[in-house]
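model00.cif follows; it contains mmCIF, C-alpha atoms.
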data_run
#
loop_
_atom_site.group_PDB
_atom_site.id
_atom_site.type_symbol
_atom_site.label_atom_id
_atom_site.label_comp_id
_atom_site.auth_asym_id
_atom_site.auth_seq_id
_atom_site.Cartn_x
_atom_site.Cartn_y
_atom_site.Cartn_z
ATOM 1 C CA MET A 155 -1.557 -31.274 -18.730
ATOM 2 C CA LYS A 156 -3.182 -32.500 -15.501
ATOM 3 C CA ARG A 157 -0.208 -31.226 -13.542
ATOM 4 C CA LEU A 158 -0.474 -27.765 -15.123
ATOM 5 C CA ARG A 159 -4.187 -27.636 -14.340
ATOM 6 C CA PHE A 160 -3.505 -28.663 -10.744
ATOM 7 C CA ILE A 161 -0.805 -25.987 -10.351
ATOM 8 C CA LEU A 162 -3.127 -23.340 -11.784
ATOM 9 C CA ILE A 163 -5.905 -24.326 -9.365
ATOM 10 C CA VAL A 164 -3.518 -24.280 -6.388
ATOM 11 C CA VAL A 165 -2.180 -20.836 -7.351
ATOM 12 C CA ILE A 166 -5.643 -19.355 -7.867
ATOM 13 C CA PHE A 167 -7.055 -20.742 -4.627
ATOM 14 C CA GLY A 168 -3.842 -19.903 -2.803
ATOM 15 C CA MET A 169 -4.244 -16.255 -3.730
ATOM 16 C CA TRP A 170 -7.992 -16.175 -3.092
ATOM 17 C CA GLY A 171 -8.687 -13.774 -0.269
ATOM 18 C CA CYS A 172 -5.234 -12.184 -0.335
ATOM 19 C CA SER A 173 -6.292 -8.592 -0.019
ATOM 20 C CA SER A 174 -4.345 -7.236 2.905
ATOM 21 C CA ALA A 175 -2.713 -3.886 3.556
ATOM 22 C CA THR A 176 -0.483 -2.338 6.196
ATOM 23 C CA TYR A 177 -2.085 0.442 8.229
ATOM 24 C CA ILE A 178 0.072 2.954 10.076
ATOM 25 C CA ARG A 179 -0.923 5.795 12.376
ATOM 26 C CA ALA A 180 1.862 8.241 13.218
ATOM 27 C CA THR A 181 2.224 11.589 14.931
ATOM 28 C CA VAL A 182 3.529 14.551 12.964
ATOM 29 C CA MET A 183 4.302 18.166 13.832
ATOM 30 C CA ASP A 184 2.585 19.656 10.785
ATOM 31 C CA ASN A 185 1.026 18.532 7.510
ATOM 32 C CA PRO A 186 3.885 16.650 5.799
ATOM 33 C CA LEU A 187 2.123 15.798 2.534
ATOM 34 C CA ASP A 188 3.710 18.529 0.384
ATOM 35 C CA HIS A 189 7.178 17.454 1.517
ATOM 36 C CA VAL A 190 6.385 13.753 1.008
ATOM 37 C CA ALA A 191 5.057 14.495 -2.502
ATOM 38 C CA GLN A 192 8.218 16.419 -3.354
ATOM 39 C CA GLU A 193 10.516 13.639 -2.099
ATOM 40 C CA ALA A 194 8.464 10.836 -3.679
ATOM 41 C CA GLN A 195 8.168 12.316 -7.171
ATOM 42 C CA GLU A 196 11.541 10.873 -8.241
ATOM 43 C CA ASN A 197 10.431 7.225 -7.888
ATOM 44 C CA TRP A 198 6.669 7.291 -7.355
ATOM 45 C CA THR A 199 3.643 8.490 -9.276
ATOM 46 C CA VAL A 200 2.195 11.202 -7.050
ATOM 47 C CA GLU A 201 -1.447 12.294 -6.913
ATOM 48 C CA GLN A 202 -2.268 15.110 -4.471
ATOM 49 C CA VAL A 203 -6.023 14.606 -3.977
ATOM 50 C CA ASP A 204 -6.393 17.578 -1.630
ATOM 51 C CA THR A 205 -4.349 19.297 1.092
ATOM 52 C CA ASN A 206 -4.879 16.370 3.473
ATOM 53 C CA THR A 207 -4.777 13.398 1.056
ATOM 54 C CA LEU A 208 -1.941 12.015 -1.057
ATOM 55 C CA HIS A 209 -1.807 8.860 -3.206
ATOM 56 C CA LEU A 210 1.532 7.326 -4.221
ATOM 57 C CA SER A 211 2.112 4.455 -6.682
ATOM 58 C CA ASP A 212 5.393 2.791 -7.612
ATOM 59 C CA ALA A 213 5.538 0.239 -10.442
ATOM 60 C CA TRP A 214 7.790 -2.798 -10.022
ATOM 61 C CA PRO A 215 8.917 -3.487 -13.633
ATOM 62 C CA ILE A 216 11.239 -6.429 -12.896
ATOM 63 C CA HIS A 217 8.609 -8.185 -10.776
ATOM 64 C CA SER A 218 6.026 -7.439 -13.461
ATOM 65 C CA ILE A 219 8.160 -9.103 -16.135
ATOM 66 C CA PHE A 220 8.911 -12.213 -14.080
ATOM 67 C CA ALA A 221 5.304 -12.491 -12.882
ATOM 68 C CA LEU A 222 3.968 -12.025 -16.418
ATOM 69 C CA GLY A 223 1.695 -9.188 -15.344
ATOM 70 C CA TYR A 224 1.740 -5.832 -13.578
ATOM 71 C CA SER A 225 2.898 -5.154 -10.018
ATOM 72 C CA ALA A 226 3.064 -1.920 -8.015
ATOM 73 C CA SER A 227 3.213 -0.534 -4.486
ATOM 74 C CA HIS A 228 0.527 1.862 -3.343
ATOM 75 C CA ALA A 229 0.598 4.220 -0.386
ATOM 76 C CA ASN A 230 -2.416 6.316 0.538
ATOM 77 C CA LEU A 231 -1.684 9.043 3.068
ATOM 78 C CA PHE A 232 -4.194 11.101 5.012
ATOM 79 C CA TYR A 233 -3.259 13.948 7.358
ATOM 80 C CA ASP A 234 -5.580 14.313 10.356
ATOM 81 C CA ARG A 235 -5.037 17.976 11.272
ATOM 82 C CA VAL A 236 -7.121 17.883 14.478
ATOM 83 C CA ASN A 237 -5.015 15.109 16.027
ATOM 84 C CA ALA A 238 -1.767 15.973 14.162
ATOM 85 C CA GLU A 239 -1.602 12.403 12.881
ATOM 86 C CA LEU A 240 -0.660 10.844 9.581
ATOM 87 C CA ASN A 241 -2.655 7.772 8.533
ATOM 88 C CA ILE A 242 -1.024 5.528 5.950
ATOM 89 C CA GLN A 243 -2.485 2.605 4.014
ATOM 90 C CA TYR A 244 0.273 0.697 2.186
ATOM 91 C CA TYR A 245 -0.018 -2.391 0.001
ATOM 92 C CA PHE A 246 1.612 -4.212 -2.894
ATOM 93 C CA GLN A 247 -0.769 -5.158 -5.724
ATOM 94 C CA SER A 248 -0.097 -7.623 -8.523
ATOM 95 C CA ASN A 249 -2.117 -8.812 -11.507
ATOM 96 C CA GLN A 250 -0.441 -11.941 -12.866
ATOM 97 C CA LEU A 251 -1.015 -14.398 -15.664
ATOM 98 C CA LEU A 252 -0.985 -17.348 -13.243
ATOM 99 C CA THR A 253 -3.891 -15.837 -11.307
ATOM 100 C CA LEU A 254 -5.730 -15.036 -14.541
ATOM 101 C CA PHE A 255 -5.005 -11.355 -13.873
ATOM 102 C CA ILE A 256 -7.225 -11.352 -10.798
ATOM 103 C CA PRO A 257 -5.532 -8.728 -8.605
ATOM 104 C CA PHE A 258 -4.234 -9.613 -5.170
ATOM 105 C CA THR A 259 -2.660 -7.384 -2.549
ATOM 106 C CA LEU A 260 -0.075 -7.983 0.164
ATOM 107 C CA ASP A 261 0.702 -6.111 3.364
ATOM 108 C CA ALA A 262 4.271 -5.430 4.508
ATOM 109 C CA GLU A 263 3.881 -7.168 7.865
ATOM 110 C CA PRO A 264 5.831 -10.336 8.740
ATOM 111 C CA GLY A 265 4.387 -13.517 7.320
ATOM 112 C CA PHE A 266 4.905 -16.283 4.802
ATOM 113 C CA THR A 267 3.056 -14.819 1.799
ATOM 114 C CA GLY A 268 5.237 -12.483 -0.243
ATOM 115 C CA GLY A 269 8.186 -12.899 2.107
ATOM 116 C CA ALA A 270 10.821 -12.046 -0.501
ATOM 117 C CA LEU A 271 9.062 -8.762 -1.354
ATOM 118 C CA LYS A 272 8.539 -7.540 2.197
ATOM 119 C CA PRO A 273 12.050 -6.118 2.833
ATOM 120 C CA ILE A 274 11.660 -3.846 -0.214
ATOM 121 C CA MET A 275 8.126 -2.921 0.845
ATOM 122 C CA ASN A 276 9.366 -2.013 4.331
ATOM 123 C CA GLU A 277 12.144 0.135 2.837
ATOM 124 C CA GLN A 278 9.469 2.078 0.956
ATOM 125 C CA ILE A 279 7.459 2.534 4.153
ATOM 126 C CA ALA A 280 10.610 3.666 5.996
ATOM 127 C CA ASP A 281 11.216 6.291 3.274
ATOM 128 C CA ILE A 282 7.666 7.622 3.594
ATOM 129 C CA LEU A 283 7.975 7.801 7.392
ATOM 130 C CA LYS A 284 11.352 9.563 7.073
ATOM 131 C CA TRP A 285 10.008 12.078 4.549
ATOM 132 C CA SER A 286 7.053 12.845 6.814
ATOM 133 C CA SER A 287 9.223 13.172 9.971
ATOM 134 C CA SER A 288 6.651 11.091 11.801
ATOM 135 C CA SER A 289 6.670 8.836 14.855
ATOM 136 C CA VAL A 290 4.710 5.593 14.545
ATOM 137 C CA ILE A 291 1.929 5.125 17.113
ATOM 138 C CA LEU A 292 0.321 2.026 15.625
ATOM 139 C CA ARG A 293 1.184 -0.365 12.812
ATOM 140 C CA ARG A 294 -0.909 -3.356 11.829
ATOM 141 C CA ALA A 295 -2.066 -5.563 8.992
ATOM 142 C CA GLY A 296 -5.686 -5.376 7.916
ATOM 143 C CA GLU A 297 -7.994 -5.934 4.985
ATOM 144 C CA LYS A 298 -7.404 -3.592 2.044
ATOM 145 C CA SER A 299 -11.152 -3.002 1.926
ATOM 146 C CA GLU A 300 -11.206 -1.296 5.353
ATOM 147 C CA PRO A 301 -12.452 2.293 5.254
ATOM 148 C CA PHE A 302 -9.562 4.679 4.714
ATOM 149 C CA PRO A 303 -9.056 7.162 6.191
ATOM 150 C CA PRO A 304 -10.516 5.643 9.346
ATOM 151 C CA LYS A 305 -14.150 6.689 9.785
ATOM 152 C CA HIS A 306 -13.703 7.445 13.486
ATOM 153 C CA SER A 307 -11.426 10.373 12.656
ATOM 154 C CA PRO A 308 -13.029 13.709 13.634
ATOM 155 C CA THR A 309 -11.333 15.462 10.683
ATOM 156 C CA LEU A 310 -13.682 13.901 8.178
ATOM 157 C CA THR A 311 -16.021 16.844 8.624
ATOM 158 C CA LYS A 312 -15.791 19.677 6.127
ATOM 159 C CA ASP A 313 -13.420 22.558 6.825
ATOM 160 C CA PRO A 314 -15.201 25.724 8.015
#
Structure encoded using structure tokens:
Amino acid sequence: MKRLRFILIVVIFGMWGCSSATYIRATVMDNPLDHVAQEAQENWTVEQVDTNTLHLSDAWPIHSIFALGYSASHANLFYDRVNAELNIQYYFQSNQLLTLFIPFTLDAEPGFTGGALKPIMNEQIADILKWSSSSVILRRAGEKSEPFPPKHSPTLTKDP
């Protein structure tokens, strides 16, 4: 019983603060969100928020079963029409029994945590980039809680 308690404490504290996401900025010729939504609808849940914002979610049923919880990938896309850029926030989120269903998120960048999942996550990102016909300018890991789309973007003003 002491061993089980110790393992539970290690798992919970090991996941504490794991709330990272991958952020990508890419150039595009035109707004790709309609095309991305069309391509993604076969495997993803698609929510077109507006003409410049798209949310994608993809459940991972096998991981969910083995983790005794719920796991899914999430990709939030924002088209910056002024700069002809696509901003992407991508992360894997899991709510597991061992973490008392406290959600944690993982980015797709190289690193020890979630290493076995990252090749699949990067395949999903590659699909999104292919569907959007974009060229990556910047890719980095960051906190999931960062403002998205980036606040410095001039397109956050209302359309005329």
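Closest approach to Gly223 (chain A) among A:Val200, A:Leu210, A:Ser248, A:Ile274: A:Ser248, based on only C-alpha atoms.
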Just give me the residues with any atom within 7 Å of (9.2, 14.7, 11.7), file coordinates, counting only C-alpha atoms, written as number ranges by chain. A: 182-183, 286-288
Restricted to C-alpha atoms, what would the selected residues look like written as a PDB file, in the frame of the given file?
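Output contents, as saved in selection_34.pdb:
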ATOM      1  CA  VAL A 182       3.529  14.551  12.964  1.00  0.00           C
ATOM      2  CA  MET A 183       4.302  18.166  13.832  1.00  0.00           C
ATOM      3  CA  SER A 286       7.053  12.845   6.814  1.00  0.00           C
ATOM      4  CA  SER A 287       9.223  13.172   9.971  1.00  0.00           C
ATOM      5  CA  SER A 288       6.651  11.091  11.801  1.00  0.00           C
TER       6      SER A 288
END
For the atom pair CA of Asp261 (chain A) and CA of Ala295 (chain A), what is the interatomic distance in Å to one decimal place? 6.3 Å
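Nearest to Ser211 (chain A) of all the residues A:Lys272, A:Ala262, A:Arg235, A:Phe246 is A:Phe246, counting all atoms listed in the file.
The space between CA of Gln202 (chain A) and CA of Asn185 (chain A) spans 12.9 Å.
If all atoms listed in the file are the atoms counted, then among A:Trp198, A:Phe258, A:Trp285, A:Phe302 the closest residue to Tyr177 (chain A) is A:Phe302.
Among the candidates A:Ile291, A:Ala270, A:Leu283, A:Ala180, the one nearest to Asn241 (chain A) when counting only C-alpha atoms is A:Ala180.
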With the file shown as input, list the residues that the PyMOL selection byres ((chain A and resi 203-209) around 6) selects, as a VMD selection string. chain A and resid 201 to 202 210 229 to 233
Could you check which of A:Leu260, A:Asn249, A:Asp234, A:Ile282 is closest to Lys305 (chain A), using all atoms listed in the file? A:Asp234
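For the pair CA of Ile242 (chain A) and CA of Gln195 (chain A), the separation is 17.4 Å.
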Expansion of the PyMOL selection byres ((chain A and resi 259) around 12) into residues, as number ranges by chain: A: 169-176, 224-228, 243-250, 256-258, 260-262, 267-268, 271, 295-299
Between A:Glu300, A:Asp212, A:Asp281, A:Glu239, smallest distance to Glu193 (chain A) by all atoms listed in the file belongs to A:Asp281
